[in-house]
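Working notes, beginning with the structure itself.
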Amino acid sequence: MTGTNVWEQILSRIETKVNRHSFHTWFRPTAFVADDGATVSVRVPNILVRDWLEKHYAAVVREAAAEVGRAGAAVVFVVGEGAAAAPEPSPPLPPAIDPPPATTAGGLNPRY
């Protein structure tokens with residue numbers, strides 16, 4: 001498979017082992033980061049995806065890695081740009097609800 005990285009090779013094997021929906025949900029959002037021979041680093045979009053892949057698909061990933069000649073290599077999922085990436089900022093909070101309009105001493109709203 002000239003021109004492809006090891007993760008793309010592993011993904012092509014995984015695609016034949018899991019159902020289409022699972023593949024597109026859990027594996028499509030991943031991206032190859034690095035391969036040092038002993039470890040293949042793969043970027044995932046968030047901690048949920050990382051944890052799900054590690055918990056539910058570890059055996060499938062190991063099997064696929066062995067099929068492409070990387071039986072001893074560890075596949076490590078990193079969140080964001082790498083292990084040291086800063087977490088994504090939270091979305092801004094909605095604006096505060098305006099307080100009720102001021103009332104006069106008698107409890108009546110002066111605007112009405």
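By convention here, the chains of the structure tokens are called A, B, ... in the order presented, each chain's residues are numbered starting at 1, and ligands are numbered starting at 1 in the order presented.
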### Message
What's around region 45-55 of chain A at 10 Å? Count only C-alpha atoms, leave out sequence neighbours fewer than 2 positions away in its own chain, and write the answer as a PyMOL selection string.
### Response
chain A and resi 25-27+29-31+42-43+57-61+75-81+87-88
### Message
Could you check the closest approach to Ile10 (chain A) for each of A:Phe32, A:Thr39, A:Gly69, A:Ala64 and tell me which residue wins, using only C-alpha atoms?
### Response
A:Ala64
### Task
Please identify all polymer residues within 10 Å of Leu11 (chain A), counting only C-alpha atoms, omitting same-chain residues fewer than 3 positions from it, and present them as a VMD selection string.
chain A and resid 6 to 8 14 to 17 23 27 to 28 30 61 64 to 65
### Query
So how far away is CA of Arg20 (chain A) from CA of Ala74 (chain A), in Å?
24.5 Å
## Note on the structure
In Å and to one decimal, CA of Glu67 (chain A) is distant from CA of His24 (chain A) by 20.8 Å
